[in-house]
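The data block below is structure_28.csv; it holds CSV, N, CA and C atoms.
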chain,number,residue,atom,x,y,z
A,27,GLN,N,14.6,8.1,12.7
A,27,GLN,CA,14.5,6.7,12.1
A,27,GLN,C,13.1,6.6,11.5
A,28,VAL,N,13.0,6.2,10.2
A,28,VAL,CA,11.8,6.0,9.6
A,28,VAL,C,11.1,4.7,10.0
A,29,GLN,N,9.9,4.8,10.4
A,29,GLN,CA,9.1,3.6,10.8
A,29,GLN,C,7.8,3.6,10.0
A,30,LEU,N,7.4,2.4,9.5
A,30,LEU,CA,6.1,2.2,8.9
A,30,LEU,C,5.5,1.0,9.5
A,31,VAL,N,4.3,1.2,10.1
A,31,VAL,CA,3.6,0.2,10.8
A,31,VAL,C,2.3,-0.1,10.1
A,32,GLU,N,2.2,-1.3,9.5
A,32,GLU,CA,0.9,-1.7,8.9
A,32,GLU,C,0.0,-2.3,9.9
A,33,ALA,N,-1.3,-2.1,9.7
A,33,ALA,CA,-2.3,-2.7,10.6
A,33,ALA,C,-3.6,-3.0,9.8
A,34,GLY,N,-4.4,-3.9,10.3
A,34,GLY,CA,-5.7,-4.1,9.7
A,34,GLY,C,-5.9,-5.4,9.0
A,35,GLY,N,-4.8,-6.2,8.9
A,35,GLY,CA,-4.9,-7.5,8.2
A,35,GLY,C,-5.7,-8.5,9.1
A,36,GLY,N,-5.9,-9.6,8.5
A,36,GLY,CA,-6.7,-10.6,9.2
A,36,GLY,C,-7.2,-11.7,8.3
A,37,LEU,N,-8.0,-12.6,8.9
A,37,LEU,CA,-8.7,-13.6,8.1
A,37,LEU,C,-10.1,-13.2,7.8
A,38,VAL,N,-10.5,-13.2,6.6
A,38,VAL,CA,-11.8,-12.9,6.1
A,38,VAL,C,-12.3,-13.9,5.1
A,39,GLN,N,-13.6,-13.8,4.8
A,39,GLN,CA,-14.2,-14.6,3.8
A,39,GLN,C,-14.3,-13.9,2.5
A,40,ALA,N,-14.3,-14.7,1.4
A,40,ALA,CA,-14.4,-14.2,0.1
A,40,ALA,C,-15.7,-13.2,0.0
A,41,GLY,N,-15.5,-12.1,-0.6
A,41,GLY,CA,-16.6,-11.1,-0.7
A,41,GLY,C,-16.6,-10.1,0.4
A,42,ASP,N,-15.8,-10.3,1.5
A,42,ASP,CA,-15.7,-9.3,2.6
A,42,ASP,C,-14.8,-8.1,2.2
A,43,SER,N,-14.9,-7.1,3.0
A,43,SER,CA,-14.0,-6.0,2.9
A,43,SER,C,-13.0,-5.9,4.0
A,44,LEU,N,-12.0,-5.1,3.8
A,44,LEU,CA,-10.9,-5.0,4.8
A,44,LEU,C,-10.3,-3.6,4.5
A,45,ARG,N,-9.9,-3.0,5.6
A,45,ARG,CA,-9.1,-1.7,5.4
A,45,ARG,C,-7.8,-1.8,6.1
A,46,LEU,N,-6.8,-1.6,5.4
A,46,LEU,CA,-5.4,-1.6,5.9
A,46,LEU,C,-5.0,-0.2,6.2
A,47,SER,N,-4.1,0.0,7.2
A,47,SER,CA,-3.6,1.3,7.4
A,47,SER,C,-2.1,1.1,7.6
A,48,CYS,N,-1.4,2.2,7.3
A,48,CYS,CA,0.1,2.3,7.5
A,48,CYS,C,0.4,3.6,8.1
A,49,GLU,N,0.9,3.5,9.4
A,49,GLU,CA,1.2,4.7,10.1
A,49,GLU,C,2.7,5.0,10.0
A,50,ALA,N,3.1,6.2,9.6
A,50,ALA,CA,4.5,6.5,9.3
A,50,ALA,C,5.0,7.5,10.3
A,51,SER,N,6.3,7.4,10.6
A,51,SER,CA,6.9,8.3,11.5
A,51,SER,C,8.4,8.4,11.1
A,52,GLY,N,9.0,9.5,11.5
A,52,GLY,CA,10.4,9.7,11.2
A,52,GLY,C,10.8,10.6,10.1
A,53,ARG,N,9.8,11.1,9.3
A,53,ARG,CA,10.1,12.0,8.2
A,53,ARG,C,8.8,12.7,7.9
A,54,THR,N,9.0,13.7,6.9
A,54,THR,CA,7.8,14.5,6.5
A,54,THR,C,7.2,13.8,5.3
A,55,PHE,N,6.1,13.1,5.6
A,55,PHE,CA,5.5,12.2,4.6
A,55,PHE,C,4.7,13.0,3.5
A,56,SER,N,4.5,14.2,3.7
A,56,SER,CA,3.8,15.0,2.7
A,56,SER,C,4.7,15.2,1.5
A,57,SER,N,6.0,14.9,1.7
A,57,SER,CA,7.0,15.0,0.6
A,57,SER,C,7.2,13.6,-0.1
A,58,ASP,N,6.5,12.6,0.3
A,58,ASP,CA,6.7,11.3,-0.1
A,58,ASP,C,5.6,10.7,-1.0
A,59,THR,N,5.9,10.0,-2.0
A,59,THR,CA,5.0,9.1,-2.6
A,59,THR,C,4.9,7.8,-1.8
A,60,MET,N,3.8,7.2,-1.8
A,60,MET,CA,3.6,6.0,-1.0
A,60,MET,C,2.9,4.9,-1.8
A,61,GLY,N,3.1,3.7,-1.4
A,61,GLY,CA,2.5,2.6,-2.1
A,61,GLY,C,2.2,1.4,-1.3
A,62,TRP,N,1.3,0.6,-1.8
A,62,TRP,CA,1.0,-0.7,-1.2
A,62,TRP,C,1.5,-1.8,-2.1
A,63,PHE,N,2.1,-2.7,-1.5
A,63,PHE,CA,2.6,-3.9,-2.3
A,63,PHE,C,2.1,-5.2,-1.6
A,64,ARG,N,2.2,-6.3,-2.3
A,64,ARG,CA,1.8,-7.5,-1.6
A,64,ARG,C,2.7,-8.6,-2.2
A,65,ARG,N,2.9,-9.6,-1.4
A,65,ARG,CA,3.6,-10.8,-1.8
A,65,ARG,C,2.7,-12.0,-1.4
A,66,ALA,N,2.2,-12.7,-2.4
A,66,ALA,CA,1.5,-13.9,-2.2
A,66,ALA,C,2.4,-15.1,-2.2
A,67,PRO,N,2.0,-16.2,-1.5
A,67,PRO,CA,2.9,-17.4,-1.4
A,67,PRO,C,3.4,-17.8,-2.8
A,68,GLY,N,4.7,-18.0,-2.9
A,68,GLY,CA,5.3,-18.4,-4.1
A,68,GLY,C,5.4,-17.4,-5.3
A,69,LYS,N,5.1,-16.2,-5.0
A,69,LYS,CA,5.1,-15.2,-6.0
A,69,LYS,C,6.0,-14.0,-5.6
A,70,GLU,N,6.3,-13.2,-6.7
A,70,GLU,CA,7.1,-12.0,-6.4
A,70,GLU,C,6.2,-10.9,-5.8
A,71,ARG,N,6.9,-10.0,-5.1
A,71,ARG,CA,6.2,-8.9,-4.5
A,71,ARG,C,5.7,-8.0,-5.7
A,72,GLU,N,4.5,-7.5,-5.6
A,72,GLU,CA,3.9,-6.7,-6.7
A,72,GLU,C,3.2,-5.5,-6.1
A,73,CYS,N,3.2,-4.5,-6.9
A,73,CYS,CA,2.5,-3.2,-6.5
A,73,CYS,C,1.0,-3.4,-6.6
A,74,VAL,N,0.3,-3.1,-5.6
A,74,VAL,CA,-1.1,-3.1,-5.5
A,74,VAL,C,-1.7,-1.7,-5.9
A,75,ALA,N,-1.1,-0.7,-5.3
A,75,ALA,CA,-1.6,0.7,-5.6
A,75,ALA,C,-0.5,1.7,-5.1
A,76,ALA,N,-0.5,2.8,-5.7
A,76,ALA,CA,0.4,3.9,-5.3
A,76,ALA,C,-0.3,5.2,-5.4
A,77,ILE,N,0.3,6.2,-4.6
A,77,ILE,CA,-0.4,7.5,-4.5
A,77,ILE,C,0.6,8.6,-4.4
A,78,SER,N,0.3,9.7,-5.1
A,78,SER,CA,1.2,10.8,-5.1
A,78,SER,C,1.2,11.6,-3.7
A,79,ARG,N,2.1,12.5,-3.6
A,79,ARG,CA,2.3,13.2,-2.4
A,79,ARG,C,1.0,13.8,-1.8
A,80,SER,N,0.3,14.5,-2.7
A,80,SER,CA,-0.9,15.2,-2.2
A,80,SER,C,-2.1,14.2,-2.2
A,81,GLY,N,-2.0,13.1,-2.8
A,81,GLY,CA,-3.1,12.2,-2.9
A,81,GLY,C,-3.9,12.4,-4.2
A,82,GLY,N,-3.5,13.3,-5.0
A,82,GLY,CA,-4.3,13.7,-6.2
A,82,GLY,C,-4.2,12.7,-7.3
A,83,ASN,N,-3.1,12.0,-7.3
A,83,ASN,CA,-2.9,10.9,-8.4
A,83,ASN,C,-2.7,9.6,-7.8
A,84,THR,N,-3.4,8.6,-8.3
A,84,THR,CA,-3.3,7.2,-7.9
A,84,THR,C,-3.1,6.3,-9.0
A,85,GLY,N,-2.6,5.1,-8.7
A,85,GLY,CA,-2.4,4.1,-9.7
A,85,GLY,C,-2.7,2.7,-9.1
A,86,TYR,N,-3.2,1.8,-9.9
A,86,TYR,CA,-3.6,0.5,-9.4
A,86,TYR,C,-3.1,-0.6,-10.4
A,87,ALA,N,-2.9,-1.8,-9.8
A,87,ALA,CA,-2.7,-2.9,-10.7
A,87,ALA,C,-4.0,-3.1,-11.4
A,88,ASP,N,-3.8,-3.4,-12.7
A,88,ASP,CA,-5.0,-3.5,-13.6
A,88,ASP,C,-6.0,-4.5,-13.0
A,89,SER,N,-5.6,-5.6,-12.5
A,89,SER,CA,-6.5,-6.6,-12.0
A,89,SER,C,-7.3,-6.2,-10.7
A,90,LEU,N,-6.9,-5.1,-10.1
A,90,LEU,CA,-7.5,-4.7,-8.9
A,90,LEU,C,-8.4,-3.5,-9.0
A,91,LYS,N,-8.3,-2.8,-10.1
A,91,LYS,CA,-9.1,-1.6,-10.3
A,91,LYS,C,-10.6,-1.9,-10.0
A,92,GLY,N,-11.1,-1.0,-9.2
A,92,GLY,CA,-12.5,-1.1,-8.9
A,92,GLY,C,-12.8,-1.8,-7.6
A,93,ARG,N,-11.8,-2.5,-7.1
A,93,ARG,CA,-12.0,-3.3,-5.8
A,93,ARG,C,-11.2,-2.6,-4.7
A,94,PHE,N,-10.0,-2.1,-5.0
A,94,PHE,CA,-9.1,-1.5,-4.0
A,94,PHE,C,-9.1,0.0,-4.2
A,95,THR,N,-9.0,0.7,-3.1
A,95,THR,CA,-8.8,2.2,-3.1
A,95,THR,C,-7.7,2.6,-2.2
A,96,ILE,N,-6.8,3.3,-2.7
A,96,ILE,CA,-5.7,3.8,-1.8
A,96,ILE,C,-6.0,5.3,-1.5
A,97,SER,N,-5.6,5.7,-0.3
A,97,SER,CA,-5.8,7.0,0.1
A,97,SER,C,-4.8,7.3,1.2
A,98,ARG,N,-4.7,8.6,1.5
A,98,ARG,CA,-3.7,9.0,2.5
A,98,ARG,C,-4.2,10.2,3.3
A,99,ASP,N,-3.8,10.3,4.5
A,99,ASP,CA,-4.1,11.5,5.4
A,99,ASP,C,-2.7,12.0,5.8
A,100,ASN,N,-2.3,13.1,5.2
A,100,ASN,CA,-0.9,13.6,5.5
A,100,ASN,C,-0.9,14.2,6.9
A,101,ALA,N,-2.0,14.7,7.4
A,101,ALA,CA,-2.0,15.3,8.7
A,101,ALA,C,-1.8,14.2,9.8
A,102,LYS,N,-2.2,13.0,9.4
A,102,LYS,CA,-2.0,11.8,10.4
A,102,LYS,C,-0.8,10.9,10.0
A,103,ASN,N,-0.1,11.3,8.9
A,103,ASN,CA,1.0,10.5,8.4
A,103,ASN,C,0.5,9.0,8.2
A,104,THR,N,-0.6,8.9,7.6
A,104,THR,CA,-1.2,7.5,7.5
A,104,THR,C,-1.7,7.3,6.1
A,105,LEU,N,-1.3,6.1,5.6
A,105,LEU,CA,-1.7,5.6,4.3
A,105,LEU,C,-2.8,4.5,4.5
A,106,TYR,N,-3.8,4.4,3.6
A,106,TYR,CA,-4.8,3.5,3.8
A,106,TYR,C,-5.0,2.6,2.5
A,107,LEU,N,-5.5,1.5,2.6
A,107,LEU,CA,-5.9,0.7,1.5
A,107,LEU,C,-7.3,0.0,1.8
A,108,GLN,N,-8.3,0.5,1.2
A,108,GLN,CA,-9.6,-0.1,1.3
A,108,GLN,C,-9.8,-1.2,0.3
A,109,MET,N,-10.1,-2.4,0.8
A,109,MET,CA,-10.2,-3.6,-0.1
A,109,MET,C,-11.6,-4.1,0.0
A,110,SER,N,-12.2,-4.3,-1.1
A,110,SER,CA,-13.6,-4.8,-1.1
A,110,SER,C,-13.7,-6.0,-2.1
A,111,SER,N,-14.8,-6.8,-1.9
A,111,SER,CA,-15.0,-8.0,-2.8
A,111,SER,C,-13.7,-8.8,-2.8
A,112,LEU,N,-13.2,-9.1,-1.6
A,112,LEU,CA,-11.9,-9.8,-1.5
A,112,LEU,C,-12.1,-11.3,-2.1
A,113,LYS,N,-11.0,-11.7,-2.7
A,113,LYS,CA,-11.0,-13.1,-3.3
A,113,LYS,C,-9.9,-13.9,-2.7
A,114,PRO,N,-9.9,-15.2,-2.7
A,114,PRO,CA,-8.9,-16.0,-2.2
A,114,PRO,C,-7.5,-15.6,-2.8
A,115,GLU,N,-7.5,-15.2,-4.0
A,115,GLU,CA,-6.2,-14.9,-4.6
A,115,GLU,C,-5.6,-13.5,-4.1
A,116,ASP,N,-6.4,-12.8,-3.3
A,116,ASP,CA,-5.8,-11.6,-2.7
A,116,ASP,C,-5.0,-12.0,-1.4
A,117,THR,N,-5.0,-13.2,-1.0
A,117,THR,CA,-4.3,-13.7,0.1
A,117,THR,C,-2.8,-13.4,-0.1
A,118,ALA,N,-2.2,-12.6,0.9
A,118,ALA,CA,-0.8,-12.2,0.7
A,118,ALA,C,-0.4,-11.4,2.0
A,119,VAL,N,0.9,-11.2,2.1
A,119,VAL,CA,1.4,-10.2,3.0
A,119,VAL,C,1.4,-8.9,2.3
A,120,TYR,N,0.8,-7.9,3.0
A,120,TYR,CA,0.7,-6.5,2.4
A,120,TYR,C,1.6,-5.6,3.1
A,121,TYR,N,2.4,-4.9,2.2
A,121,TYR,CA,3.4,-4.0,2.7
A,121,TYR,C,3.1,-2.5,2.3
A,122,CYS,N,3.4,-1.6,3.1
A,122,CYS,CA,3.5,-0.2,2.6
A,122,CYS,C,4.9,0.2,2.4
A,123,ALA,N,5.1,1.2,1.6
A,123,ALA,CA,6.4,1.7,1.3
A,123,ALA,C,6.3,3.2,0.9
A,124,VAL,N,7.5,3.9,1.2
A,124,VAL,CA,7.5,5.3,0.9
A,124,VAL,C,8.8,5.7,0.3
A,125,ARG,N,8.8,6.8,-0.5
A,125,ARG,CA,10.0,7.3,-1.0
A,125,ARG,C,9.8,8.8,-1.2
A,126,PHE,N,10.9,9.6,-1.1
A,126,PHE,CA,10.8,11.0,-1.4
A,126,PHE,C,10.6,11.2,-2.9
A,127,THR,N,9.8,12.2,-3.2
A,127,THR,CA,9.8,12.7,-4.6
A,127,THR,C,9.7,14.2,-4.6
A,128,ALA,N,10.3,14.8,-5.6
A,128,ALA,CA,10.2,16.3,-5.8
A,128,ALA,C,9.0,16.7,-6.6
A,129,TYR,N,8.3,15.7,-7.1
A,129,TYR,CA,7.2,16.0,-8.0
A,129,TYR,C,5.9,15.6,-7.4
A,130,SER,N,5.0,16.6,-7.3
A,130,SER,CA,3.8,16.4,-6.5
A,130,SER,C,2.8,15.5,-7.1
A,131,GLY,N,2.9,15.3,-8.4
A,131,GLY,CA,1.9,14.4,-9.0
A,131,GLY,C,2.4,13.0,-9.4
A,132,THR,N,3.6,12.7,-8.9
A,132,THR,CA,4.2,11.5,-9.3
A,132,THR,C,4.0,10.4,-8.3
A,133,TYR,N,3.8,9.1,-8.8
A,133,TYR,CA,3.8,8.0,-7.9
A,133,TYR,C,4.6,6.9,-8.6
A,134,TYR,N,5.0,5.9,-7.8
A,134,TYR,CA,5.9,4.9,-8.4
A,134,TYR,C,5.3,3.5,-8.1
A,135,THR,N,5.6,2.6,-9.0
A,135,THR,CA,5.0,1.3,-8.9
A,135,THR,C,6.0,0.1,-8.8
A,136,LYS,N,7.2,0.4,-8.8
A,136,LYS,CA,8.2,-0.7,-8.8
A,136,LYS,C,8.9,-0.8,-7.4
A,137,THR,N,9.1,-2.0,-7.1
A,137,THR,CA,9.7,-2.3,-5.7
A,137,THR,C,10.9,-1.6,-5.5
A,138,GLY,N,11.8,-1.6,-6.5
A,138,GLY,CA,13.1,-1.0,-6.4
A,138,GLY,C,13.1,0.5,-6.3
A,139,GLU,N,12.0,1.1,-6.5
A,139,GLU,CA,11.9,2.6,-6.5
A,139,GLU,C,11.6,3.1,-5.1
A,140,TYR,N,11.3,2.2,-4.1
A,140,TYR,CA,11.0,2.7,-2.8
A,140,TYR,C,12.1,2.4,-1.8
A,141,ALA,N,12.3,3.4,-0.9
A,141,ALA,CA,13.4,3.4,0.0
A,141,ALA,C,13.1,2.8,1.4
A,142,TYR,N,11.8,2.9,1.8
A,142,TYR,CA,11.5,2.4,3.1
A,142,TYR,C,10.3,1.5,3.1
A,143,TRP,N,10.3,0.5,3.9
A,143,TRP,CA,9.2,-0.5,3.9
A,143,TRP,C,8.8,-0.8,5.3
A,144,GLY,N,7.5,-1.2,5.4
A,144,GLY,CA,7.0,-1.7,6.7
A,144,GLY,C,7.2,-3.2,6.8
A,145,GLN,N,6.8,-3.8,7.9
A,145,GLN,CA,7.1,-5.2,8.1
A,145,GLN,C,6.0,-6.1,7.5
A,146,GLY,N,4.9,-5.5,7.1
A,146,GLY,CA,3.8,-6.2,6.5
A,146,GLY,C,2.7,-6.7,7.4
A,147,THR,N,1.6,-6.9,6.8
A,147,THR,CA,0.4,-7.4,7.5
A,147,THR,C,-0.2,-8.5,6.7
A,148,GLN,N,-0.6,-9.6,7.3
A,148,GLN,CA,-1.1,-10.8,6.6
A,148,GLN,C,-2.6,-10.6,6.3
A,149,VAL,N,-3.0,-10.8,5.1
A,149,VAL,CA,-4.4,-10.8,4.7
A,149,VAL,C,-4.6,-12.2,4.2
A,150,THR,N,-5.6,-12.9,4.8
A,150,THR,CA,-6.0,-14.2,4.3
A,150,THR,C,-7.5,-14.3,4.0
A,151,VAL,N,-7.8,-14.7,2.8
A,151,VAL,CA,-9.2,-14.7,2.3
A,151,VAL,C,-9.6,-16.1,2.1
A,152,SER,N,-10.5,-16.6,2.8
A,152,SER,CA,-11.0,-18.0,2.7
A,152,SER,C,-12.1,-18.0,1.7
A,153,SER,N,-12.3,-19.2,1.0
A,153,SER,CA,-13.3,-19.3,0.0
A,153,SER,C,-14.6,-19.8,0.6

Structure rendered as structure tokens:
Amino acid sequence: QVQLVEAGGGLVQAGDSLRLSCEASGRTFSSDTMGWFRRAPGKERECVAAISRSGGNTGYADSLKGRFTISRDNAKNTLYLQMSSLKPEDTAVYYCAVRFTAYSGTYYTKTGEYAYWGQGTQVTVSS
């Protein structure tokens, strides 16, 4: 059974940094592309960042480039999201997601492209 467990969320102040992690189990994640998504109150779930199987290719939402960094450690089956210079508009529930891909350099950014999801971790940024 595939399990994704996010951790690292919390309440922080604007300008602070936070590191989220997503520990995966139940499959060989070195064959998976992975992504971070978020859902802010009253908004649709959106892709924050995504990463290819090897970690060599990454993609980010345009509005987040330079502040967020996605990375992965396949030996630990763990995905990370380093967030810096946080803003109140970053307040959301953050989810990790995985899907198999046969292509080492590919990543996906659409919600419907992912097969497995974590339960989410709340990030709240106060002004």

If we count all atoms listed in the file, what is near Ser111 (chain A) at a cut-off of 6 Å, once residues fewer than 5 positions away on the same chain are taken out, given as a PyMOL selection string? chain A and resi 40-43+93

So which residues of region 37-104 of chain A fall under strand (DSSP E) by DSSP, listed as an MDAnalysis selection string? chainID A and resid 37:39 44:51 58:65 72:77 84:86 94:99 104

Under the rule that only N, CA and C atoms are counted, which of A:Ala66, A:Val151, A:Leu30, A:Ala76 is the nearest residue to Leu112 (chain A)?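 The answer is A:Val151, which sits nearest to Leu112 (chain A).
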
How many Å lie between atom N of Cys48 (chain A) and atom C of Ser130 (chain A), rounded to one decimal?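 Computing the Euclidean distance for atom N of Cys48 (chain A) and atom C of Ser130 (chain A) yields 20.0 Å.
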
For Cys73 (chain A), please output as a PyMOL selection string all residues within 6.5 Å (counting only N, CA and C atoms; exclusion window: fewer than 6 positions along the same chain). chain A and resi 62-64+86-87+135-137

Could you tell me how far atom C of Asn103 (chain A) lies from atom C of Ser80 (chain A), in Å and to one decimal?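 Straight-line distance from atom C of Asn103 (chain A) to atom C of Ser80 (chain A) works out to 11.9 Å.
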
Atom C of Met60 (chain A) to CA of Ser153 (chain A), straight-line distance in Å: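 Calculated distance between CA of Ser153 (chain A) and atom C of Met60 (chain A) is 29.2 Å.
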
If we count only N, CA and C atoms and set the cut-off at 7 Å, which residues sit around Ser152 (chain A), ignoring sequence neighbours fewer than 2 positions away in its own chain? Please answer as a VMD selection string. chain A and resid 37 to 40 113 to 114 150

Sel. of helix (DSSP H, G or I) residues, region 48-137 of chain A, as a ChimeraX atom specification: /A:55-57,88-90,114-116,137

For Arg45 (chain A), please output as a VMD selection string all residues within 10 Å (counting only C-alpha atoms; exclusion window: fewer than 6 positions along the same chain). chain A and resid 33 to 36 94 to 96 106 to 110

Show which residues sit within 6.5 Å of Tyr142 (chain A), as JSON, numbers by chain. Count all atoms listed in the file, and ignore same-chain residues fewer than 2 positions away. {"A": [122, 123, 124, 125, 140, 144]}

With all atoms listed in the file as the atoms that count, which of A:Val149, A:Ala50, A:Ala75, A:Leu44 lies nearest to Val28 (chain A)?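 Using all atoms listed in the file, the shortest distance to Val28 (chain A) belongs to A:Ala50.
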
Top pick for closest residue to Ile77 (chain A), considering A:Lys102, A:Thr132, A:Gly52, A:Ala118 and counting only N, CA and C atoms: A:Thr132

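Checking A:Lys69, A:Leu90, A:Thr84, A:Gly61 one by one against Gly138 (chain A), counting only C-alpha atoms, you find the shortest gap at A:Gly61.
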
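Minimum distance to Asp116 (chain A) across A:Leu46, A:Ser57, A:Glu139, A:Arg65 (counting all atoms listed in the file) occurs at A:Arg65.
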